[in-house]
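Input: a single structure, listed below in structure tokens.
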Amino acid sequence: MDTEDDNIFKLVSLHNKERMFNRGQNGYNRLLADHTYLNKDTEEEFLCYGYRTDQCKEAVFLVLVVLTGGLVLLLLQWRPQMVCYLRKRRCSLSHADTILLQDTYKQYSIASIEEKTFPQSCQFLKDFVSSGTQAVDSDYESPADTSGLIVSQEEFKLRYFDHQHVRYLWDRGSQVFSKLKDLSEGTKCVNIQESFYGLSAREQNQKQLVYGENSIEVEVKSYWRLFIEEVMNPFYVFQIASIILWLCDQYYYYAACILFISLMSIGISLYETKRQSKTLHDMVSTQAQTISVCRGEEVYEDVPTGKLVPGDVIAIPQHGCVMTCDAVLITGTCIVNESMLTGESVPVTKTPMTHQEDEEVYSPDNHKRHTLFSGTHILQTRFYGNSKVKAVVVRTGFRTAKGELVRAILFPKPLDMKFYRDAMKFILFLGCMAALGMTYSIIIYVKQGIYPMKIVVRVLDIITIIVPPALPAAMTVGTVFAQSRLKKKGIYCISPPRINFCGRLDVFCFDKTGTLTEDGLDMLGVLPIKNAGFCGVVDDPSTLEVGPFLTCMATCHSLTVIDGELSGDPLDLIMFNSTKWVLEEPGKDTSKFDTIMPTVVRPCTKDTFTSSENPFEVGIIRQFTFSSSVQRMSVITRTLSEDGMQLFCKGAPEKIASLCQQDTVPHEFHDILHRYTIQGYRVIALAHKKMDPKLTWHQAQRISRDKVEFNMTFLGMIVLQNKLKPETKPAIHKLREARIRTVMVTGDMIQTAISVARNCGMIPIKDRVIIIEASPPDAHGPANIKWVTAETPDEGTDYYTDSDYLEDVHIDLENPHKMHNFHFAVSGQAFAVLTTHFPEYIPRVVVKGTVFARMSPDQKLQLIEELQNIGYNVGMCGDGANDCEALKAAHAGISLSEAEASVAAPFTSSIPNIECVIRVMREGRAALVTSFGCFKYMALYSFIQYVSVLILYTFDANLADMQFLYVDLVITTSVAVLMGYSGAYHKLVPQRPPGSLVKPSNLLSIIAQILLVIIFQISAFLYLHFQPWYKPAPKNLDADNTHCWETTVIFLVSTYQYIASAFVFSKGPPFREPIYKNVPFLLTLCSLFAFSTYLLMLPFKPILDFFNLMELHTKSVEFRSVLLAFSVGFIFAACLLEYLIMDVKCTKKCLNSCSHCCGNGDEKKDHYRKIQNEIQLSNWPPIGQVTYASLNEPHVEIEEELMRSQGAILVN
């Protein structure tokens, strides 16, 4: 037995030694690690590499700079990672002085590691650093996580780096850099309420050294710095190199003009960049101000807001202020305008954190009703007695909610626009063509014996011809004009590249309230309870006798008086105003209740309900604010001259009914509720409860809502009408005509949402709606889905009945439950169950889903991302209040806001309806098509000049200085700029603009035009060659024959080709206005055509000499007429090719078929189409059946009613 125990002991010892060795090995590996991940599995994930200075590499680098004439410095400017590769050596992170960061988009950036020393007394810092080890491998145990920080017994060292306004600290214990934490991460609510009494000035200063200044400053760079950065742009570097090359080739006038234009372009670019930067700076900056900070024991000191740090306790000024930090209310209440962040100008009431949340971990999103966010405007504060309204600072600077939004603007995600990726591919193709031309030129010139230096200059000149320097600028012309037109219509864009995305949208999601429907509500009536049943609709609630129902309507709200006017949620306003009571803020008269009573309501006239001797007044003791997660709000009140307190509650009918005594809920409750919601009315249920008479005011302030919001008495329901905006139906109709899918994403009830979707035309009247009722697993079984057909509303309801988009419902006789035209309606709860237990159904649900109700802000964001994952280009339109994340995630997010611009979305529309969606999409399509047209024109312009030069090089000739200048400046620049001036087409059509430059149709179009150019230029040259008077240009070893017949003929013919190319690539409908409406462009083309004809047919010697042309007037009219015929013939051939061959449906279908056969289709784009086809060809969904998560097979539970109504089930 002892031997067995000894063996066990040895085994355990061996295991412990092995475990200790593994721990040590893990720690050793981390110590030597030269890279790690930051923010793992988040949107801001970075791969982090360590580098340190290498003296040898520095010496080699200096030699390299000298040998390349400083050109290697440009490489470092364009590729930051080269700084590390060329000047530093790889090392462990613990010894690094430089960090190389690579994001998920393969973009690199560099950050320098800084060090600061602190006294050993900085306990907060040591606690923070040691806390970072909790996220690391638990097998590694460090005896002292902060030991690596110690410099001496009196001080220790902190290593950190800043990246995109976020600070990362080094923790030796975990051997990683981790993001600087504040009180918004991992802090319990009870700690925020009870552990912070104010920091001393010394503690505040120490913390500020770590957290930095509390400010959100957008740097406005000086013009000189902007100039240097702009000149370093590859585009301008290429321009500078080209200008030097032209000067070497004695093209002085041309080089001088291009230099002047480049300087003008740089000046305009600098002005616009500075202006936009200044606008953003002014939008996000806050004027310097002071705020009262608690120093402990109710001692307050006024300090600048820039010195605030997490942990400070601040006193909110009584008359309000603009918040410069995120802070949690711990005493008092605040009325806040959050329009800067949300675009929603309705005042919001913020209440102090309560003790029922003690064990919860604080989260700015989950506890936003207690959080004062940076950038928001405090309108009023409410304080009890002589106490102050206090808040604990949790986040400062760029770590605040406002700071995160500003960072998203300053460092946006790279837009995955296929157009730009294809443009780079095409430029690479042009580079290959340049290489071929250079090879051909070298061969020709060597055979002709041209001087080597001239060969080099001529060969390099080909690059400036085939790759036009103005190409990047020309591609943005359409976007610039579109942004200007949108601004004139009251639509502001803070992200211009998004405009092109609007041209490719497939689906548009809409919030309901305030977006599709009016902000305000109309009171249809109330349904109070009488004798255990509803007593019928009462149109005017003020006629009811005083009782719990009327008192609940008058007290259960979050209204407040601002500047003498009642303000708050529109629903609360309509509900309170219908009672015809009055609301009074705290004042002298409230002393009859208590000095700490915040609000009092009373009937409008004392004679209406009670005598003057005993006025009926109700004071609101406590407010449980509305939360979308619990779908209700409630208040604790006390009525004057009555003992005890009462609870009044309002919210979602199904939620309120579940919290009431069931014998107080009428048996016809579900039928009545269904009758109103299916017609689109908004229904709110009311309930009340008498509180324990022993409940004191202090207890009421601390009690949690779950301890009072139960076992209530059901009082009745309020029925409100949320009317559609008059512009909603026509806008939805236009979108459906254009085959843009429309989706509703709302927080309202599912039946109400379905009704509104039908009323506005999202769901045609003959289409069926299938409600997905998903339940999570419970004791009775696994998670399941019920596929229930929604009831069709009664006839006579106001619907769109246009036959354009109303189609018959196709029912398969062999499978009567299968319907081709159906729409899913999903609640937030069902969506959560689907995401967790049925993820394989999510793609199908989002493809066929039209109504998503009771969706939280996070779920709205998730829906947008799911749509994008299956290939949709998604737009989102909302009022900004609960839609910020979804608006930012969408390819095109439009916030309906009165503000000129906000950080809530890429687009902000002062047009308070969804007509702005149509306008933005039309402008997006016009901008995208303009970008394509400009690109194709610039590409063809390059090839025209390329062909001309190669022909002339063959015969030892070249274009003259003024000829290059006329083509590049007068023709190309004016045409490229004015081409984008065409406005958007007045109608949104079903066709989509092309999304790829390398589509077969685009490539074939450009290639066919190039072949035409080659044919007509060679034909014109051959015609010249066969003239009896023609003599070849004399040999010149400098290869600069510019005054010869070859140059004259090729130049004149090519000018017509530039004009024709601009015309054929400036198509109007269906995405842009007809070309004749772009008057400046049309006049320019006509003027250029007239001038070229004048040069050819009526040559004037001074003009011929200016352009270095031969004496055309000495040759016959027949010769000149044939050249004109060649030119006009090219114009007709180009138009015929582009409009009658490339644009016909037959050609497009053939090209698309070839593309798919070759496997060049957009697989991601085709993904949702494949899902649609799968659904169309299958018997899915299993209507009237139940699908269980464990089996993933439908369990048939078909009711008799379903069989009689071909699948219709009444939803209770």
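Convention: chains lettered A, B, ... in structure tokens order; per-chain residue numbering from 1; ligands numbered from 1 as shown.
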
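Near A:His370, within a cut-off of 8 Å and counting only C-alpha atoms, sit the residues Val328, Leu329, Lys350, Thr351, Pro352 and Met353 of chain A, with same-chain residues fewer than 6 positions away left out.
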
Save the residues we just selected, N, CA, C and O atoms, as a CSV table (one decimal), in the first residue's frame?
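selection-v5.csv, written as the output of this step:
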chain,number,residue,atom,x,y,z
A,328,VAL,N,-21.0,58.7,-15.8
A,328,VAL,CA,-22.2,58.0,-15.3
A,328,VAL,C,-22.8,58.8,-14.1
A,328,VAL,O,-22.1,59.2,-13.2
A,329,LEU,N,-24.1,59.1,-14.3
A,329,LEU,CA,-24.8,59.8,-13.2
A,329,LEU,C,-24.9,59.0,-12.0
A,329,LEU,O,-25.3,57.8,-12.0
A,350,LYS,N,-31.8,61.4,-18.5
A,350,LYS,CA,-30.8,60.5,-17.9
A,350,LYS,C,-31.0,60.5,-16.4
A,350,LYS,O,-31.1,61.5,-15.7
A,351,THR,N,-31.1,59.3,-15.9
A,351,THR,CA,-31.3,59.1,-14.5
A,351,THR,C,-30.1,58.4,-13.8
A,351,THR,O,-29.2,57.8,-14.5
A,352,PRO,N,-30.0,58.6,-12.5
A,352,PRO,CA,-28.8,58.1,-11.8
A,352,PRO,C,-28.8,56.5,-11.8
A,352,PRO,O,-29.9,55.9,-11.8
A,353,MET,N,-27.6,56.0,-11.7
A,353,MET,CA,-27.5,54.5,-11.6
A,353,MET,C,-28.1,54.1,-10.2
A,353,MET,O,-28.0,54.7,-9.2

Item to complete: Compile the contact shell of A:Lys848 as a ChimeraX atom specification: residues with an atom at most 12 Å away, counting only C-alpha atoms, same-chain residues fewer than 5 positions apart removed.
Response: /A:507,741-743,763,768-772,819-826,841-843,867,1168-1169,1171-1176,1180-1181

Worksheet item: So what do you get for atom CA of A:Leu940 versus atom CA of A:Val237, distance-wise?
Response: 23.3 Å

Worksheet, complete the sentence: From the list A:Arg89, A:Ser558, A:Gln164, A:Lys1115, the nearest residue to A:Arg369 using only C-alpha atoms is A:Ser558

Worksheet entry | Residue contacts of A:Lys694 (8 Å, only C-alpha atoms) excluding same-chain residues fewer than 2 positions away, as a ChimeraX atom specification | /A:644,692,696

Can I get the selection written as a short mmCIF file (atom, residue, chain, number, x, y, z; two decimals), in the first residue's frame, with N, CA and C atoms?
data_model
loop_
_atom_site.label_atom_id
_atom_site.label_comp_id
_atom_site.auth_asym_id
_atom_site.auth_seq_id
_atom_site.Cartn_x
_atom_site.Cartn_y
_atom_site.Cartn_z
N GLY A 644 -49.57 56.22 1.17
CA GLY A 644 -48.95 55.21 0.33
C GLY A 644 -48.63 55.70 -1.07
N ASP A 692 -46.58 48.95 -1.06
CA ASP A 692 -46.64 48.72 0.38
C ASP A 692 -46.70 50.07 1.11
N THR A 696 -40.89 53.82 2.09
CA THR A 696 -40.46 55.21 2.26
C THR A 696 -39.86 55.74 0.96
#

Item to complete: Would you please give, as a ChimeraX atom specification, all residues of stretch 30-277 of chain A that DSSP assigns to helix (DSSP H, G or I) based on the backbone?
Response: /A:30-32,55-67,71-78,81-87,93-95,123-135,147-149,189-194,201-211,223-231,234-248,252-277

Practice prompt. Rounded to one decimal place, report the atom CA of A:Leu38-atom CA of A:Phe411 distance in Å.
Written response: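 Those two atoms sit 17.0 Å apart.
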
Practice prompt. Tell me, in Å to one decimal, how far atom CA of A:Leu341 is from atom CA of A:Thr376.
Written response: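 We find that atom CA of A:Leu341 and atom CA of A:Thr376 lie 7.2 Å from each other.
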
Item to complete: For A:Thr543, list every protein, DNA or RNA residue within 12 Å, evaluated using only C-alpha atoms, and leave out those in the same chain fewer than 6 positions away; present the list as a count of residues only.
Response: 11

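Closest approach to A:Tyr252 among A:Pro726, A:Ala976, A:Gln208, A:Ala960 is made by A:Ala960 (distances from only C-alpha atoms).
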
Discussion item. Need the shell around A:Ala256: protein/DNA/RNA residues with any atom at most 12 Å away, counting only C-alpha atoms. Skip same-chain ones fewer than 6 positions apart. Format as a list in words?
Written reply: Gln239, Ile240, Ser242, Ile243, Ile244, Trp246, Leu247, Gln250, Ser262, Leu263, Asp961, Met962, Leu965 and Leu969 of chain A

Would you write out those residues with C-alpha atoms, as a PDB file, in the first residue's frame?
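Saved file part_15.pdb follows:
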ATOM      1  CA  GLN A 239       3.859  64.489 -62.886  1.00  0.00           C
ATOM      2  CA  ILE A 240       7.190  65.958 -61.727  1.00  0.00           C
ATOM      3  CA  SER A 242       7.117  63.701 -66.606  1.00  0.00           C
ATOM      4  CA  ILE A 243       7.767  67.467 -66.566  1.00  0.00           C
ATOM      5  CA  ILE A 244      11.516  66.884 -66.196  1.00  0.00           C
ATOM      6  CA  TRP A 246       9.510  66.909 -71.316  1.00  0.00           C
ATOM      7  CA  LEU A 247      12.024  69.652 -70.505  1.00  0.00           C
ATOM      8  CA  GLN A 250      12.634  70.530 -75.311  1.00  0.00           C
ATOM      9  CA  SER A 262      -0.508  70.822 -61.563  1.00  0.00           C
ATOM     10  CA  LEU A 263       0.167  73.723 -59.206  1.00  0.00           C
ATOM     11  CA  ASP A 961       5.122  70.857 -78.478  1.00  0.00           C
ATOM     12  CA  MET A 962       1.928  72.814 -79.194  1.00  0.00           C
ATOM     13  CA  LEU A 965      -0.420  70.896 -75.486  1.00  0.00           C
ATOM     14  CA  LEU A 969      -4.856  70.607 -72.236  1.00  0.00           C
TER      15      LEU A 969
END

Applying 12 Å and only C-alpha atoms, which residues near A:Thr290 remain after dropping the ones on its own chain fewer than 2 positions away? List them as a short mmCIF file (atom, residue, chain, number, x, y, z; two decimals) with C-alpha atoms, in the first residue's frame.
data_model
loop_
_atom_site.label_atom_id
_atom_site.label_comp_id
_atom_site.auth_asym_id
_atom_site.auth_seq_id
_atom_site.Cartn_x
_atom_site.Cartn_y
_atom_site.Cartn_z
CA THR A 286 -15.74 71.97 -27.77
CA GLN A 287 -14.97 75.41 -26.44
CA ALA A 288 -12.59 75.50 -23.50
CA SER A 292 -16.45 71.57 -10.81
CA VAL A 293 -14.48 68.50 -9.70
CA GLU A 301 -12.51 72.79 -7.34
CA ASP A 302 -13.04 74.28 -10.80
CA VAL A 303 -10.61 72.77 -13.30
CA PRO A 304 -10.36 72.87 -17.12
CA THR A 305 -12.30 70.03 -18.74
CA GLY A 306 -9.13 68.99 -20.56
CA LYS A 307 -7.70 67.74 -17.25
CA LEU A 308 -10.50 65.27 -16.51
CA ILE A 314 -17.80 66.03 -11.48
CA ALA A 315 -20.75 68.26 -10.62
CA ILE A 316 -22.97 68.98 -13.62
CA PRO A 317 -23.83 72.71 -13.83
CA CYS A 321 -23.21 72.40 -20.42
CA VAL A 322 -21.68 70.49 -23.32
CA MET A 323 -20.17 67.24 -22.09
CA THR A 324 -16.50 66.69 -22.88
#

Please provide the set of residues having any atom within 9 Å of A:Ile620, restricted to only C-alpha atoms, with same-chain residues fewer than 2 positions apart removed, written as an mmCIF file with N, CA and C atoms, in the first residue's frame.
data_model
loop_
_atom_site.group_PDB
_atom_site.id
_atom_site.type_symbol
_atom_site.label_atom_id
_atom_site.label_comp_id
_atom_site.auth_asym_id
_atom_site.auth_seq_id
_atom_site.Cartn_x
_atom_site.Cartn_y
_atom_site.Cartn_z
ATOM 1 N N THR A 555 -48.923 60.428 -15.710
ATOM 2 C CA THR A 555 -47.675 60.344 -14.938
ATOM 3 C C THR A 555 -46.615 59.448 -15.553
ATOM 4 N N CYS A 556 -47.004 58.432 -16.304
ATOM 5 C CA CYS A 556 -46.039 57.443 -16.791
ATOM 6 C C CYS A 556 -45.394 57.924 -18.089
ATOM 7 N N MET A 597 -39.332 66.341 -4.245
ATOM 8 C CA MET A 597 -40.244 65.899 -5.299
ATOM 9 C C MET A 597 -39.873 66.564 -6.619
ATOM 10 N N PRO A 598 -39.617 65.814 -7.654
ATOM 11 C CA PRO A 598 -39.167 66.424 -8.890
ATOM 12 C C PRO A 598 -40.280 67.005 -9.763
ATOM 13 N N THR A 599 -41.399 66.309 -9.922
ATOM 14 C CA THR A 599 -42.424 66.726 -10.885
ATOM 15 C C THR A 599 -43.815 66.483 -10.314
ATOM 16 N N VAL A 600 -44.738 67.403 -10.657
ATOM 17 C CA VAL A 600 -46.119 67.294 -10.199
ATOM 18 C C VAL A 600 -47.043 67.443 -11.397
ATOM 19 N N VAL A 601 -48.100 66.618 -11.461
ATOM 20 C CA VAL A 601 -49.138 66.752 -12.497
ATOM 21 C C VAL A 601 -50.479 66.919 -11.817
ATOM 22 N N VAL A 618 -50.638 64.834 -8.229
ATOM 23 C CA VAL A 618 -49.835 63.616 -8.158
ATOM 24 C C VAL A 618 -48.368 63.986 -8.362
ATOM 25 N N ARG A 622 -40.345 58.401 -8.459
ATOM 26 C CA ARG A 622 -39.252 57.633 -9.065
ATOM 27 C C ARG A 622 -39.652 57.238 -10.481
ATOM 28 N N GLN A 623 -38.671 57.237 -11.347
ATOM 29 C CA GLN A 623 -38.941 56.890 -12.745
ATOM 30 C C GLN A 623 -38.013 55.753 -13.182
ATOM 31 N N VAL A 635 -43.367 54.362 -13.316
ATOM 32 C CA VAL A 635 -43.088 55.427 -12.351
ATOM 33 C C VAL A 635 -43.727 55.056 -11.015
ATOM 34 N N ILE A 636 -43.079 55.520 -9.961
ATOM 35 C CA ILE A 636 -43.667 55.421 -8.626
ATOM 36 C C ILE A 636 -44.170 56.802 -8.262
ATOM 37 N N THR A 637 -45.431 56.914 -7.892
ATOM 38 C CA THR A 637 -46.044 58.214 -7.620
ATOM 39 C C THR A 637 -46.660 58.250 -6.231
ATOM 40 N N ARG A 638 -46.942 59.469 -5.809
ATOM 41 C CA ARG A 638 -47.678 59.671 -4.558
ATOM 42 C C ARG A 638 -48.721 60.741 -4.805
ATOM 43 N N THR A 639 -49.962 60.441 -4.443
ATOM 44 C CA THR A 639 -51.053 61.385 -4.621
ATOM 45 C C THR A 639 -51.244 62.193 -3.342
#

Worksheet entry | Nearest candidate to A:Leu64 (options A:Leu695, A:Met523, A:Arg87, A:Ile1010; using only C-alpha atoms) |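 Going through A:Leu695, A:Met523, A:Arg87, A:Ile1010 one by one, the smallest distance to A:Leu64 is for A:Arg87.
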
Discussion item. Between A:Asp663, A:Asp778, A:Asp358, A:Asp1166, which residue has the minimum interatomic distance to A:Ile870, considering only C-alpha atoms?
Written reply: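 Nearest candidate to A:Ile870 out of A:Asp663, A:Asp778, A:Asp358, A:Asp1166: A:Asp1166.
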
Discussion item. Just checking: using only C-alpha atoms, which residue out of A:Asp879, A:Glu617, A:Asp103, A:Glu915 ends up closest to A:Thr513?
Written reply: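 Checking each of A:Asp879, A:Glu617, A:Asp103, A:Glu915 against A:Thr513, counting only C-alpha atoms, the winner is A:Asp879.
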
Worksheet item: From the set A:Ala401, A:Ala984, A:Ala957, A:Ile268, which residue has the shortest atom-to-atom contact distance to A:Phe1071, counting only C-alpha atoms?
Response: A:Ala984

Practice prompt. List every residue of stretch 891-1006 of chain A that DSSP, applied to the backbone of this structure, assigns to strand (DSSP E or B), and report them as a VMD selection string.
Written response: chain A and resid 892 to 896 907 to 909 957 984

So that I have them on file, write out the residues from the current selection with C-alpha atoms, as a PDB file, in the first residue's frame.
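Result file is again32.pdb:
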ATOM      1  CA  ALA A 892     -24.833  53.856 -47.823  1.00  0.00           C
ATOM      2  CA  GLY A 893     -26.279  55.063 -44.519  1.00  0.00           C
ATOM      3  CA  ILE A 894     -28.642  58.048 -44.571  1.00  0.00           C
ATOM      4  CA  SER A 895     -29.672  59.772 -41.356  1.00  0.00           C
ATOM      5  CA  LEU A 896     -32.803  61.926 -41.447  1.00  0.00           C
ATOM      6  CA  PHE A 907     -25.103  60.886 -45.393  1.00  0.00           C
ATOM      7  CA  THR A 908     -27.262  63.357 -43.473  1.00  0.00           C
ATOM      8  CA  SER A 909     -30.496  64.499 -45.093  1.00  0.00           C
ATOM      9  CA  ALA A 957       8.917  61.830 -86.459  1.00  0.00           C
ATOM     10  CA  ALA A 984     -28.604  62.317 -62.777  1.00  0.00           C
TER      11      ALA A 984
END
